[in-house]
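Novice: Have a peek at my_file17.cif (mmCIF, C-alpha atoms and all ligand atoms).
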```cif
data_start
loop_
_atom_site.label_atom_id
_atom_site.label_comp_id
_atom_site.auth_asym_id
_atom_site.auth_seq_id
_atom_site.Cartn_x
_atom_site.Cartn_y
_atom_site.Cartn_z
CA MET A 1 0.00 0.00 0.00
CA MET A 2 2.77 2.39 1.05
CA GLN A 3 4.64 1.44 -2.14
CA ILE A 4 1.78 2.61 -4.40
CA ASN A 5 1.47 5.86 -2.50
CA GLU A 6 5.19 6.39 -2.64
CA GLN A 7 5.24 6.09 -6.41
CA GLU A 8 2.35 8.48 -6.74
CA ILE A 9 3.98 10.96 -4.41
CA ARG A 10 7.30 10.73 -6.23
CA ALA A 11 5.50 11.45 -9.50
CA ALA A 12 3.49 14.33 -8.01
CA LEU A 13 6.62 15.92 -6.52
CA THR A 14 8.67 15.51 -9.68
CA ALA A 15 5.89 16.91 -11.86
CA ARG A 16 5.86 20.03 -9.67
CA GLY A 17 9.61 20.61 -9.75
CA GLN A 18 10.11 19.31 -6.20
CA SER A 19 12.66 16.58 -6.81
CA HIS A 20 14.93 18.09 -4.12
CA ILE A 21 12.53 16.45 -1.64
CA LEU A 22 13.27 13.09 -3.25
CA ASP A 23 17.01 13.80 -2.96
CA ARG A 24 16.51 14.43 0.72
CA ALA A 25 14.42 11.27 1.05
CA ALA A 26 17.30 9.24 -0.41
CA SER A 27 19.47 10.04 2.60
CA LEU A 28 16.84 8.96 5.16
CA ASN A 29 16.37 5.59 6.81
CA ASP A 30 13.24 3.55 6.02
CA ALA A 31 11.19 4.82 8.97
CA GLU A 32 12.05 8.45 8.26
CA ARG A 33 11.32 8.07 4.55
CA ASP A 34 7.94 6.49 5.31
CA LYS A 35 7.16 9.42 7.58
CA LEU A 36 8.08 11.94 4.89
CA PHE A 37 6.01 10.22 2.19
CA ALA A 38 3.07 9.71 4.53
CA GLN A 39 3.07 13.45 5.23
CA ALA A 40 3.45 14.34 1.54
CA ALA A 41 0.50 12.04 0.72
CA LYS A 42 -1.74 14.04 3.06
CA LEU A 43 -0.67 17.45 1.78
CA ASN A 44 -2.57 19.26 -0.95
CA LEU A 45 0.32 19.53 -3.41
CA GLY A 46 -2.10 20.93 -6.01
CA LEU A 47 -1.78 24.24 -4.13
CA LEU A 48 1.70 24.62 -5.63
CA ASP A 49 0.02 25.11 -9.01
CA GLN A 50 -1.29 28.44 -7.65
CA LEU A 51 2.18 30.00 -7.62
CA GLY A 52 2.36 32.93 -9.99
CA LYS A 53 -1.43 33.18 -10.25
CA GLY A 54 -3.14 35.96 -8.32
CA ALA A 55 -6.32 35.08 -6.39
CA GLU A 56 -7.52 38.51 -7.49
CA GLU A 57 -7.44 37.51 -11.15
CA GLY A 58 -10.82 37.31 -12.81
CA ARG A 59 -12.59 39.73 -10.49
CA GLY A 60 -15.93 41.07 -11.68
CA SER A 61 -17.23 44.59 -11.80
CA PHE A 62 -17.38 46.49 -8.51
CA ALA A 63 -20.05 48.86 -7.21
CA PRO A 64 -20.38 50.62 -3.83
CA LEU A 65 -22.44 49.17 -1.00
CA GLY A 66 -23.78 51.44 1.72
CA ALA A 67 -23.93 50.45 5.37
CA VAL A 68 -26.45 50.68 8.15
CA THR A 69 -24.63 53.53 9.87
CA VAL A 70 -23.80 54.15 13.51
CA GLY A 71 -26.46 56.89 13.57
CA GLU A 72 -29.20 54.61 12.27
CA ILE A 73 -28.13 51.82 14.61
CA ASP A 74 -28.37 54.23 17.56
CA ARG A 75 -31.90 55.17 16.56
CA ARG A 76 -32.99 51.52 16.29
CA ARG A 77 -30.74 50.13 19.05
CA ASP A 78 -33.52 48.87 21.35
CA GLU A 79 -35.32 47.08 18.55
CA PHE A 80 -32.14 45.46 17.19
CA ARG A 81 -30.90 44.48 20.64
CA ALA A 82 -34.19 42.93 21.75
CA ASN A 83 -34.35 40.90 18.56
CA GLY A 84 -30.74 39.73 18.94
CA LEU A 85 -31.20 38.80 22.59
CA ASP A 86 -34.28 36.75 21.67
CA ALA A 87 -32.23 34.84 19.11
CA ILE A 88 -29.41 34.24 21.62
CA ARG A 89 -31.86 33.05 24.28
CA ALA A 90 -33.42 30.68 21.75
CA GLY A 91 -29.93 29.15 21.25
CA LYS A 92 -29.77 30.33 17.66
CA VAL A 93 -26.35 32.00 17.89
CA GLY A 94 -22.91 30.40 18.13
CA ALA A 95 -19.50 32.06 18.03
CA VAL A 96 -16.37 30.93 16.20
CA LEU A 97 -12.98 32.19 17.30
CA LEU A 98 -10.36 31.95 14.56
CA ALA A 99 -7.16 31.23 16.44
CA GLY A 100 -5.26 28.96 14.07
CA GLY A 101 -2.95 31.66 12.69
CA GLN A 102 0.72 31.85 13.54
CA GLY A 103 0.93 35.57 14.23
CA THR A 104 4.30 35.79 12.52
CA ARG A 105 4.28 39.60 12.46
CA LEU A 106 3.81 39.80 16.23
CA GLY A 107 6.45 37.17 16.81
CA HIS A 108 5.05 36.03 20.18
CA ASP A 109 6.27 32.63 21.28
CA GLY A 110 2.98 30.72 21.64
CA PRO A 111 -0.62 31.14 20.45
CA LYS A 112 -1.51 34.81 19.91
CA GLY A 113 -4.36 34.59 22.41
CA THR A 114 -1.83 33.91 25.17
CA VAL A 115 -0.26 37.37 24.79
CA ASN A 116 -0.54 39.36 28.00
CA VAL A 117 -1.91 42.83 27.21
CA GLY A 118 -1.93 43.77 30.89
CA VAL A 119 0.59 46.21 32.29
CA THR A 120 0.08 46.13 36.06
CA ARG A 121 -1.81 42.84 36.02
CA GLU A 122 -2.23 39.81 33.79
CA LEU A 123 -4.84 40.25 31.09
CA TYR A 124 -4.55 37.88 28.16
CA ILE A 125 -5.99 38.33 24.67
CA PHE A 126 -8.15 35.21 25.15
CA GLU A 127 -9.33 36.66 28.46
CA CYS A 128 -10.33 39.98 26.83
CA LEU A 129 -12.41 38.06 24.30
CA ILE A 130 -14.10 35.89 26.92
CA ASN A 131 -14.81 39.01 29.00
CA ASN A 132 -16.45 40.65 25.98
CA LEU A 133 -18.57 37.57 25.31
CA THR A 134 -19.49 37.27 28.97
CA LYS A 135 -21.10 40.74 28.85
CA VAL A 136 -23.52 39.31 26.29
CA THR A 137 -24.20 36.03 28.07
CA GLU A 138 -24.91 37.93 31.29
CA ALA A 139 -27.37 40.21 29.51
CA ALA A 140 -29.02 37.25 27.80
CA GLY A 141 -29.00 35.04 30.89
CA CYS A 142 -27.65 32.06 28.95
CA SER A 143 -24.37 30.82 27.47
CA VAL A 144 -23.37 31.10 23.82
CA PRO A 145 -21.48 28.10 22.41
CA LEU A 146 -17.94 29.13 21.50
CA TYR A 147 -16.02 27.11 18.93
CA ILE A 148 -12.29 27.76 18.87
CA MET A 149 -10.30 26.98 15.74
CA THR A 150 -6.68 26.07 16.37
CA SER A 151 -4.02 24.49 14.19
CA GLU A 152 -1.81 21.43 14.67
CA LYS A 153 0.89 23.86 15.74
CA ASN A 154 -0.95 25.52 18.60
CA ASP A 155 -3.87 23.26 19.56
CA ALA A 156 -2.32 21.59 22.62
CA GLU A 157 -0.96 24.87 23.97
CA THR A 158 -4.27 26.67 23.42
CA ARG A 159 -6.31 23.99 25.18
CA ALA A 160 -3.84 23.84 28.06
CA PHE A 161 -3.93 27.63 28.44
CA PHE A 162 -7.72 27.69 28.71
CA GLU A 163 -7.69 24.79 31.16
CA GLN A 164 -4.97 26.40 33.26
CA HIS A 165 -7.01 29.62 33.47
CA SER A 166 -10.30 27.82 34.17
CA TYR A 167 -11.68 29.02 30.83
CA PHE A 168 -11.62 32.55 32.24
CA GLY A 169 -14.86 31.79 34.04
CA TYR A 170 -16.76 30.72 30.92
CA ASP A 171 -18.89 27.56 31.10
CA LYS A 172 -16.53 24.87 29.80
CA ASP A 173 -19.43 22.85 28.40
CA TYR A 174 -19.98 25.65 25.91
CA ILE A 175 -16.41 25.68 24.60
CA ARG A 176 -15.20 23.35 21.84
CA PHE A 177 -11.85 23.29 20.06
CA PHE A 178 -11.31 22.08 16.51
CA ILE A 179 -8.21 21.90 14.34
CA GLN A 180 -7.85 23.44 10.89
CA GLU A 181 -5.89 21.96 8.03
CA MET A 182 -2.30 22.60 7.05
CA ALA A 183 -0.78 23.57 3.71
CA PRO A 184 2.78 23.25 2.40
CA ALA A 185 5.09 26.28 2.42
CA VAL A 186 7.67 27.13 -0.23
CA ASP A 187 10.66 29.43 -0.70
CA TYR A 188 10.69 32.29 -3.23
CA ASP A 189 11.69 29.82 -5.97
CA GLY A 190 8.58 27.77 -5.28
CA LYS A 191 10.56 24.93 -3.70
CA LEU A 192 9.03 23.12 -0.74
CA LEU A 193 10.87 23.89 2.48
CA MET A 194 11.71 21.27 5.09
CA GLU A 195 10.88 21.71 8.76
CA ASP A 196 13.23 18.95 9.88
CA ALA A 197 15.02 16.08 8.19
CA CYS A 198 11.83 14.15 7.40
CA THR A 199 9.05 16.77 7.54
CA ILE A 200 8.00 19.23 4.84
CA SER A 201 7.33 22.73 6.23
CA THR A 202 3.63 23.34 6.65
CA SER A 203 1.54 26.18 7.98
CA PRO A 204 -2.17 26.62 8.70
CA ASN A 205 -4.07 26.93 5.41
CA GLY A 206 -5.72 30.29 6.14
CA ASN A 207 -8.95 31.15 7.93
CA GLY A 208 -11.24 30.34 4.96
CA GLY A 209 -11.59 26.63 5.77
CA TRP A 210 -13.06 27.19 9.22
CA PHE A 211 -16.53 25.82 8.45
CA SER A 212 -15.38 22.75 6.56
CA SER A 213 -12.93 22.06 9.41
CA MET A 214 -15.83 22.35 11.88
CA VAL A 215 -17.77 19.84 9.81
CA SER A 216 -14.75 17.49 9.54
CA ALA A 217 -14.38 17.71 13.31
CA GLY A 218 -17.94 16.34 13.61
CA LEU A 219 -19.42 19.49 15.14
CA LEU A 220 -22.41 19.84 12.81
CA PRO A 221 -24.76 17.51 14.73
CA GLU A 222 -24.04 19.44 17.92
CA LEU A 223 -24.74 22.78 16.22
CA LYS A 224 -28.05 21.39 15.02
CA SER A 225 -29.06 19.85 18.30
CA ARG A 226 -28.32 23.16 20.02
CA GLY A 227 -30.56 24.88 17.48
CA VAL A 228 -27.79 27.16 16.17
CA GLU A 229 -28.85 29.12 13.07
CA TRP A 230 -26.18 31.82 13.00
CA LEU A 231 -22.43 31.70 13.50
CA ASN A 232 -20.50 34.84 14.45
CA VAL A 233 -16.93 34.38 13.18
CA PHE A 234 -14.19 36.62 14.51
CA ALA A 235 -10.42 37.03 14.74
CA VAL A 236 -8.36 36.38 17.83
CA ASP A 237 -6.36 39.57 17.62
CA ASN A 238 -8.98 42.30 18.07
CA VAL A 239 -9.19 42.77 21.83
CA LEU A 240 -12.18 45.13 21.55
CA GLN A 241 -14.05 42.53 19.51
CA GLN A 242 -17.75 42.42 20.39
CA ILE A 243 -18.85 38.81 20.08
CA ALA A 244 -22.42 37.65 19.48
CA ASP A 245 -23.29 41.35 19.74
CA PRO A 246 -27.09 41.30 20.19
CA CYS A 247 -27.53 44.52 18.20
CA PHE A 248 -25.57 43.17 15.23
CA VAL A 249 -27.41 39.85 15.38
CA GLY A 250 -30.79 41.58 15.59
CA ALA A 251 -30.02 44.03 12.79
CA THR A 252 -28.85 41.22 10.49
CA ILE A 253 -31.89 39.05 11.18
CA LEU A 254 -34.31 41.98 10.74
CA SER A 255 -32.57 43.04 7.51
CA GLY A 256 -33.44 39.69 5.92
CA CYS A 257 -29.85 39.45 4.63
CA GLN A 258 -28.15 36.09 4.39
CA ALA A 259 -25.09 37.39 6.29
CA GLY A 260 -23.77 40.40 8.17
CA ALA A 261 -20.36 42.05 8.38
CA LYS A 262 -19.12 44.55 10.93
CA VAL A 263 -17.37 47.44 9.22
CA VAL A 264 -15.66 50.69 10.17
CA ALA A 265 -15.60 53.91 8.15
CA LYS A 266 -12.21 54.33 6.52
CA ALA A 267 -9.84 56.72 8.28
CA ASP A 268 -8.77 58.14 4.89
CA PRO A 269 -9.22 57.18 1.21
CA ASP A 270 -5.83 55.44 1.10
CA GLU A 271 -6.26 53.31 4.21
CA ARG A 272 -5.03 49.77 3.53
CA VAL A 273 -8.18 47.89 4.36
CA GLY A 274 -10.49 45.54 2.45
CA VAL A 275 -13.78 47.29 1.66
CA LEU A 276 -17.21 45.66 1.60
CA CYS A 277 -18.87 46.42 -1.72
CA LEU A 278 -20.75 44.70 -4.52
CA GLU A 279 -19.06 42.61 -7.18
CA ASP A 280 -21.30 41.65 -10.08
CA GLY A 281 -24.25 42.50 -7.85
CA ARG A 282 -23.25 40.26 -4.94
CA PRO A 283 -21.54 41.27 -1.70
CA SER A 284 -17.79 41.09 -1.90
CA ILE A 285 -14.61 42.52 -0.42
CA VAL A 286 -12.25 44.52 -2.59
CA GLU A 287 -8.70 44.76 -1.29
CA TYR A 288 -7.08 48.21 -1.09
CA TYR A 289 -4.53 47.27 -3.77
CA GLU A 290 -7.30 46.19 -6.15
CA MET A 291 -8.98 49.61 -6.03
CA THR A 292 -8.40 52.12 -8.77
CA GLU A 293 -7.71 55.78 -7.94
CA GLU A 294 -11.26 56.54 -9.09
CA MET A 295 -12.71 53.95 -6.68
CA ARG A 296 -10.56 55.13 -3.76
CA THR A 297 -11.57 58.78 -4.07
CA ARG A 298 -15.14 58.52 -5.37
CA ARG A 299 -17.72 60.14 -3.10
CA GLU A 300 -21.50 59.93 -2.66
CA ALA A 301 -23.74 63.02 -2.83
CA ASP A 302 -23.47 63.47 0.97
CA GLY A 303 -19.66 63.55 0.77
CA THR A 304 -18.92 60.10 2.23
CA LEU A 305 -16.51 57.90 0.32
CA SER A 306 -18.38 55.50 -1.97
CA TYR A 307 -16.02 52.66 -0.97
CA ASN A 308 -16.00 53.64 2.67
CA TYR A 309 -16.58 50.62 4.85
CA GLY A 310 -13.62 48.47 5.81
CA VAL A 311 -14.14 44.96 7.18
CA ILE A 312 -12.79 44.05 10.63
CA LEU A 313 -13.10 40.26 10.47
CA ASN A 314 -16.36 39.94 12.35
CA TYR A 315 -19.05 38.23 10.28
CA LEU A 316 -22.39 36.62 10.92
CA PHE A 317 -23.18 33.70 8.63
CA SER A 318 -26.33 31.61 8.51
CA LEU A 319 -25.76 27.93 9.13
CA SER A 320 -28.07 26.86 6.34
CA ARG A 321 -26.12 28.92 3.78
CA LEU A 322 -22.81 27.64 5.16
CA GLU A 323 -24.00 24.08 4.60
CA GLU A 324 -24.91 24.91 1.01
CA ILE A 325 -21.47 26.38 0.24
CA VAL A 326 -19.28 24.08 2.30
CA ASN A 327 -17.87 22.35 -0.78
CA THR A 328 -17.44 25.49 -2.88
CA GLU A 329 -13.77 26.14 -3.47
CA LEU A 330 -12.45 29.51 -2.34
CA PRO A 331 -9.68 31.38 -4.16
CA VAL A 332 -6.21 30.51 -2.89
CA HIS A 333 -4.10 33.49 -1.80
CA VAL A 334 -0.34 33.12 -2.04
CA VAL A 335 1.09 35.20 0.81
CA GLU A 336 4.64 36.14 1.75
CA LYS A 337 5.57 35.04 5.25
CA LYS A 338 8.47 34.18 7.52
CA ILE A 339 8.82 30.40 7.33
CA PRO A 340 11.22 28.57 9.65
CA TYR A 341 13.10 25.83 7.81
CA MET A 342 16.01 23.41 7.83
CA THR A 343 18.83 23.92 5.34
CA GLU A 344 20.26 21.06 3.31
CA SER A 345 23.14 20.87 5.74
CA GLY A 346 20.70 20.38 8.60
CA GLU A 347 20.86 23.86 10.12
CA PHE A 348 17.55 25.21 11.50
CA VAL A 349 16.78 28.79 10.42
CA LYS A 350 14.15 31.10 11.94
CA PRO A 351 14.08 34.04 9.51
CA ASP A 352 13.37 37.56 10.70
CA GLN A 353 12.17 38.64 7.25
CA PRO A 354 9.67 36.93 4.93
CA ASN A 355 11.48 34.19 3.01
CA GLY A 356 8.72 32.41 1.09
CA TYR A 357 5.06 31.79 0.45
CA LYS A 358 2.17 30.17 2.26
CA PHE A 359 -1.13 29.22 0.68
CA GLU A 360 -4.28 30.50 2.33
CA THR A 361 -7.99 30.68 1.74
CA LEU A 362 -9.74 33.53 3.51
CA VAL A 363 -13.04 33.90 5.32
CA LEU A 364 -13.59 37.22 3.54
CA ASP A 365 -14.02 35.32 0.28
CA MET A 366 -17.04 33.56 1.81
CA VAL A 367 -18.86 36.89 1.72
CA HIS A 368 -19.05 36.71 -2.07
CA LEU A 369 -20.84 33.37 -1.76
CA GLN A 370 -23.74 35.09 0.03
CA GLU A 371 -26.76 36.46 -1.80
CA SER A 372 -26.76 39.49 0.48
CA CYS A 373 -24.75 40.83 3.39
CA LEU A 374 -25.67 43.58 5.83
CA SER A 375 -22.86 46.10 6.14
CA TYR A 376 -23.09 47.11 9.81
CA GLU A 377 -21.03 50.11 10.88
CA VAL A 378 -19.40 50.20 14.30
CA VAL A 379 -17.38 52.90 16.07
CA ARG A 380 -13.76 52.12 15.31
CA ASP A 381 -12.30 53.20 18.65
CA GLU A 382 -14.87 51.16 20.54
CA GLU A 383 -14.67 47.88 18.63
CA PHE A 384 -11.44 47.66 16.67
CA ALA A 385 -8.09 47.18 18.36
CA PRO A 386 -6.22 44.55 16.35
CA ILE A 387 -2.84 43.30 17.51
CA LYS A 388 -0.82 42.40 14.44
CA ASN A 389 2.59 43.96 15.21
CA PRO A 390 4.65 44.58 18.35
CA THR A 391 4.66 48.37 17.87
CA GLY A 392 3.22 50.99 15.49
CA VAL A 393 -0.03 50.54 13.58
CA ASP A 394 -2.33 47.72 14.77
CA SER A 395 0.04 46.78 17.54
CA LEU A 396 0.18 45.76 21.15
CA VAL A 397 0.95 49.40 21.94
CA SER A 398 -2.00 50.86 19.97
CA ALA A 399 -4.37 48.18 21.33
CA ARG A 400 -3.37 48.94 24.93
CA ALA A 401 -4.15 52.64 24.37
CA LEU A 402 -7.57 51.74 22.94
CA LEU A 403 -8.35 49.34 25.78
CA GLU A 404 -7.58 52.10 28.29
CA LYS A 405 -9.70 54.55 26.30
CA ASN A 406 -12.57 52.09 26.75
CA GLY A 407 -12.11 51.97 30.50
CA ILE A 408 -10.25 48.65 30.73
CA VAL A 409 -7.70 48.76 33.55
CA LEU A 410 -4.41 47.35 32.37
P1 LIG A 501 -3.95 37.06 10.11
O1 LIG A 501 -4.30 37.31 8.71
O2 LIG A 501 -3.59 38.23 10.94
O3 LIG A 501 -2.79 35.98 10.14
O4 LIG A 501 -5.15 36.28 10.77
P2 LIG A 501 -1.89 35.41 11.32
O5 LIG A 501 -1.32 34.12 10.82
O6 LIG A 501 -2.62 35.32 12.63
O7 LIG A 501 -0.74 36.50 11.54
P3 LIG A 501 0.51 36.91 10.61
O8 LIG A 501 -0.07 37.40 9.30
O9 LIG A 501 1.37 35.68 10.44
O10 LIG A 501 1.20 37.98 11.40
C1 LIG A 501 -6.42 36.83 11.00
C2 LIG A 501 -7.19 35.88 11.88
O11 LIG A 501 -7.35 34.62 11.23
C3 LIG A 501 -6.81 33.59 12.03
C4 LIG A 501 -5.81 34.26 12.96
O12 LIG A 501 -5.59 33.47 14.10
C5 LIG A 501 -6.51 35.58 13.22
O13 LIG A 501 -7.53 35.42 14.18
N1 LIG A 501 -6.18 32.59 11.17
C6 LIG A 501 -5.27 32.98 10.24
C7 LIG A 501 -6.51 31.27 11.34
O14 LIG A 501 -7.33 30.92 12.22
N2 LIG A 501 -5.91 30.36 10.52
C8 LIG A 501 -5.00 30.70 9.59
O15 LIG A 501 -4.50 29.81 8.88
C9 LIG A 501 -4.68 32.05 9.43
#
```
Can you dump the structure from the file as structure tokens?
Ligand code: UTP
Specialist:
Amino acid sequence: MMQINEQEIRAALTARGQSHILDRAASLNDAERDKLFAQAAKLNLGLLDQLGKGAEEGRGSFAPLGAVTVGEIDRRRDEFRANGLDAIRAGKVGAVLLAGGQGTRLGHDGPKGTVNVGVTRELYIFECLINNLTKVTEAAGCSVPLYIMTSEKNDAETRAFFEQHSYFGYDKDYIRFFIQEMAPAVDYDGKLLMEDACTISTSPNGNGGWFSSMVSAGLLPELKSRGVEWLNVFAVDNVLQQIADPCFVGATILSGCQAGAKVVAKADPDERVGVLCLEDGRPSIVEYYEMTEEMRTRREADGTLSYNYGVILNYLFSLSRLEEIVNTELPVHVVEKKIPYMTESGEFVKPDQPNGYKFETLVLDMVHLQESCLSYEVVRDEEFAPIKNPTGVDSLVSARALLEKNGIVL
């Protein structure tokens, strides 16, 4: 059996210009070689065919999409909130924390959620998120199931961290972990990198596969038995993230849209943020580098930018639509990252600059698979404090300032 696989793998690697892996295999003992080929057999080597192709190729024609604005939300807050709380109390809302990323820009040793944002006390990113969710569960008087996506690289550490901190007071029965898939990583010449003598370098395959990974982990029956109809997906690194926000849930349900996305008004026309808009009449996200000068600066009659609303990785998807699209392939993004690797002479290198590419699918591309998506504006300084870098823009430093601005004692 192994023999057949090995031949297929050899052929697949050779066809993709990866015969250096076979050269390495030749110097391994039988057990090591079996391990290497078994790993290669599980990897999606077809991803390598994406090199040199942009995921943004073949985009359709873009048009602006307005948002339900902060002002309108304030006027209808009671109605939205009551509707959202009803849905939460009926068990219709679940939350999905995307925590499988490697946070290479931040460079923290361990899962990003274990970063301590406290200054005079301990306050972890995971703790901030649980605190934010707890505000909702206290108002609703019931728990919201929280599904946490990890990767092979950080699953054990993430689980142990939650256990060690008693789930930050959250009801453990409402927390589930599931593991996302991995993808191979290559150097700038498109050659697979090795992690150690008998392991090809892999990294988590992006945040776009979260729902199919939930299904593979066998979580669908539980979602159904709990009566979940909506899943609020969010990123680990925004410490001001409002999770299962009743107002957002209520507004999305009342809008009749198939999905909802939290957005913030752009700080300036050139801000590097993906903007929620329409593409061929369906909701979609246009990246800042895909926008023409005309799109970036175009304004509506009231003076607001036409492409004004940047996404903050907080979406509400309906479970029934997710089930319909679970097998639809998402575009693969080839992204430059720092990838630790082992040289041919066996030296382990942890680069401090990007040295190759990873292959990722992104949750934002799921928006285009929706018939409609409510663009729901939130106040940036109250709900958006991402921690991507150690200092500067979207950093630990900027997030701490925003937490303090919102009355959180650090
Ligand atoms: P980012 O795009 O910031 O990626 O993830 P990252 O890997 O965490 O960080 P960098 O780019 O290497 O510095 C946005 C969100 O998606 C999650 C992250 O954990 C974060 O919540 N994510 C990202 C996954 O869950 N899986 C992935 O494969 C990638």
Novice: Taking only residues of chain A that have an atom at most 7 Å from an atom of ligand LIG 501 (chain A), what is each one's shortest atom pair and its distance in Å to one decimal, using all atoms listed in the file, in chain and number order, as CSV?
Specialist:
```
residue,atom,partner,partner_atom,distance
A:Leu98,CA,A:LIG501,O14,4.0
A:Ala99,CA,A:LIG501,O12,3.6
A:Gly100,CA,A:LIG501,O14,3.4
A:Gly101,CA,A:LIG501,O5,3.5
A:Gln102,CA,A:LIG501,O5,4.1
A:Gly103,CA,A:LIG501,O7,3.3
A:Thr104,CA,A:LIG501,O9,3.6
A:Arg105,CA,A:LIG501,O10,3.6
A:Leu106,CA,A:LIG501,O10,5.8
A:Met149,CA,A:LIG501,O14,6.1
A:Thr150,CA,A:LIG501,O14,6.4
A:Pro204,CA,A:LIG501,O15,4.0
A:Asn205,CA,A:LIG501,O15,4.5
A:Gly206,CA,A:LIG501,O15,3.0
A:Asn207,CA,A:LIG501,N2,4.1
A:Phe234,CA,A:LIG501,O13,6.8
A:Ala235,CA,A:LIG501,O13,3.4
A:Val236,CA,A:LIG501,O13,3.9
A:Asp237,CA,A:LIG501,O13,5.5
A:Lys337,CA,A:LIG501,O9,6.7
A:Glu360,CA,A:LIG501,O15,6.6
A:Lys388,CA,A:LIG501,O10,5.7
```
Novice: Give me, as a PDB file with C-alpha atoms, in the frame of the given file, all polymer residues having an atom no more than 12 Å from segment 269-274 of chain A, counting all atoms listed in the file and skipping those fewer than 2 positions away in the same chain.
Specialist:
```pdb
ATOM      1  CA  VAL A 263     -17.370  47.440   9.220  1.00  0.00           C
ATOM      2  CA  VAL A 264     -15.660  50.690  10.170  1.00  0.00           C
ATOM      3  CA  ALA A 265     -15.600  53.910   8.150  1.00  0.00           C
ATOM      4  CA  LYS A 266     -12.210  54.330   6.520  1.00  0.00           C
ATOM      5  CA  ALA A 267      -9.840  56.720   8.280  1.00  0.00           C
ATOM      6  CA  LEU A 276     -17.210  45.660   1.600  1.00  0.00           C
ATOM      7  CA  CYS A 277     -18.870  46.420  -1.720  1.00  0.00           C
ATOM      8  CA  SER A 284     -17.790  41.090  -1.900  1.00  0.00           C
ATOM      9  CA  ILE A 285     -14.610  42.520  -0.420  1.00  0.00           C
ATOM     10  CA  VAL A 286     -12.250  44.520  -2.590  1.00  0.00           C
ATOM     11  CA  GLU A 287      -8.700  44.760  -1.290  1.00  0.00           C
ATOM     12  CA  TYR A 288      -7.080  48.210  -1.090  1.00  0.00           C
ATOM     13  CA  TYR A 289      -4.530  47.270  -3.770  1.00  0.00           C
ATOM     14  CA  GLU A 290      -7.300  46.190  -6.150  1.00  0.00           C
ATOM     15  CA  MET A 291      -8.980  49.610  -6.030  1.00  0.00           C
ATOM     16  CA  THR A 292      -8.400  52.120  -8.770  1.00  0.00           C
ATOM     17  CA  GLU A 293      -7.710  55.780  -7.940  1.00  0.00           C
ATOM     18  CA  GLU A 294     -11.260  56.540  -9.090  1.00  0.00           C
ATOM     19  CA  MET A 295     -12.710  53.950  -6.680  1.00  0.00           C
ATOM     20  CA  ARG A 296     -10.560  55.130  -3.760  1.00  0.00           C
ATOM     21  CA  THR A 297     -11.570  58.780  -4.070  1.00  0.00           C
ATOM     22  CA  ARG A 298     -15.140  58.520  -5.370  1.00  0.00           C
ATOM     23  CA  ARG A 299     -17.720  60.140  -3.100  1.00  0.00           C
ATOM     24  CA  THR A 304     -18.920  60.100   2.230  1.00  0.00           C
ATOM     25  CA  LEU A 305     -16.510  57.900   0.320  1.00  0.00           C
ATOM     26  CA  SER A 306     -18.380  55.500  -1.970  1.00  0.00           C
ATOM     27  CA  TYR A 307     -16.020  52.660  -0.970  1.00  0.00           C
ATOM     28  CA  ASN A 308     -16.000  53.640   2.670  1.00  0.00           C
ATOM     29  CA  TYR A 309     -16.580  50.620   4.850  1.00  0.00           C
ATOM     30  CA  GLY A 310     -13.620  48.470   5.810  1.00  0.00           C
ATOM     31  CA  VAL A 311     -14.140  44.960   7.180  1.00  0.00           C
ATOM     32  CA  ILE A 312     -12.790  44.050  10.630  1.00  0.00           C
ATOM     33  CA  LEU A 313     -13.100  40.260  10.470  1.00  0.00           C
ATOM     34  CA  LEU A 364     -13.590  37.220   3.540  1.00  0.00           C
ATOM     35  CA  ASP A 365     -14.020  35.320   0.280  1.00  0.00           C
ATOM     36  CA  VAL A 393      -0.030  50.540  13.580  1.00  0.00           C
ATOM     37  CA  ASP A 394      -2.330  47.720  14.770  1.00  0.00           C
TER      38      ASP A 394
END
```
Novice: Report the distance between atom CA of Glu323 of chain A and atom CA of Ser216 of chain A in Å, rounded to one decimal place.
Specialist: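 About the pair atom CA of Glu323 of chain A and atom CA of Ser216 of chain A: they are 12.4 Å apart.
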Novice: Write out as a ChimeraX atom specification the residues lying within 8 Å of Leu133 of chain A, counting all atoms listed in the file and excluding same-chain residues fewer than 2 positions away.
Specialist: /A:129-131,135-137,242-244
Novice: Mind listing as number ranges by chain all residues within 7 Å of (-0.2, 24.8, 11.3), counting all atoms listed in the file?
Specialist: A: 151-153, 182, 202-204
Novice: Considering all atoms listed in the file, can you say which of A:Arg121, A:Arg24, A:Arg176, A:His368 comes closest to Val96 of chain A?
Specialist: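 Of the candidates, the smallest distance to Val96 of chain A is held by A:Arg176.
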Novice: Please provide as a CSV table (one decimal) with C-alpha atoms, keeping the file's coordinate frame all residues within 10 Å of Leu231 of chain A, with the sequence filter that same-chain residues fewer than 6 positions apart are discarded (counting only C-alpha atoms).
Specialist:
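out.csv, written as the output of this step:
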```csv
chain,number,residue,atom,x,y,z
A,92,LYS,CA,-29.8,30.3,17.7
A,93,VAL,CA,-26.4,32.0,17.9
A,94,GLY,CA,-22.9,30.4,18.1
A,95,ALA,CA,-19.5,32.1,18.0
A,96,VAL,CA,-16.4,30.9,16.2
A,145,PRO,CA,-21.5,28.1,22.4
A,146,LEU,CA,-17.9,29.1,21.5
A,147,TYR,CA,-16.0,27.1,18.9
A,211,PHE,CA,-16.5,25.8,8.4
A,223,LEU,CA,-24.7,22.8,16.2
A,244,ALA,CA,-22.4,37.6,19.5
A,249,VAL,CA,-27.4,39.8,15.4
A,259,ALA,CA,-25.1,37.4,6.3
A,315,TYR,CA,-19.0,38.2,10.3
A,316,LEU,CA,-22.4,36.6,10.9
A,317,PHE,CA,-23.2,33.7,8.6
A,318,SER,CA,-26.3,31.6,8.5
A,319,LEU,CA,-25.8,27.9,9.1
A,322,LEU,CA,-22.8,27.6,5.2
```
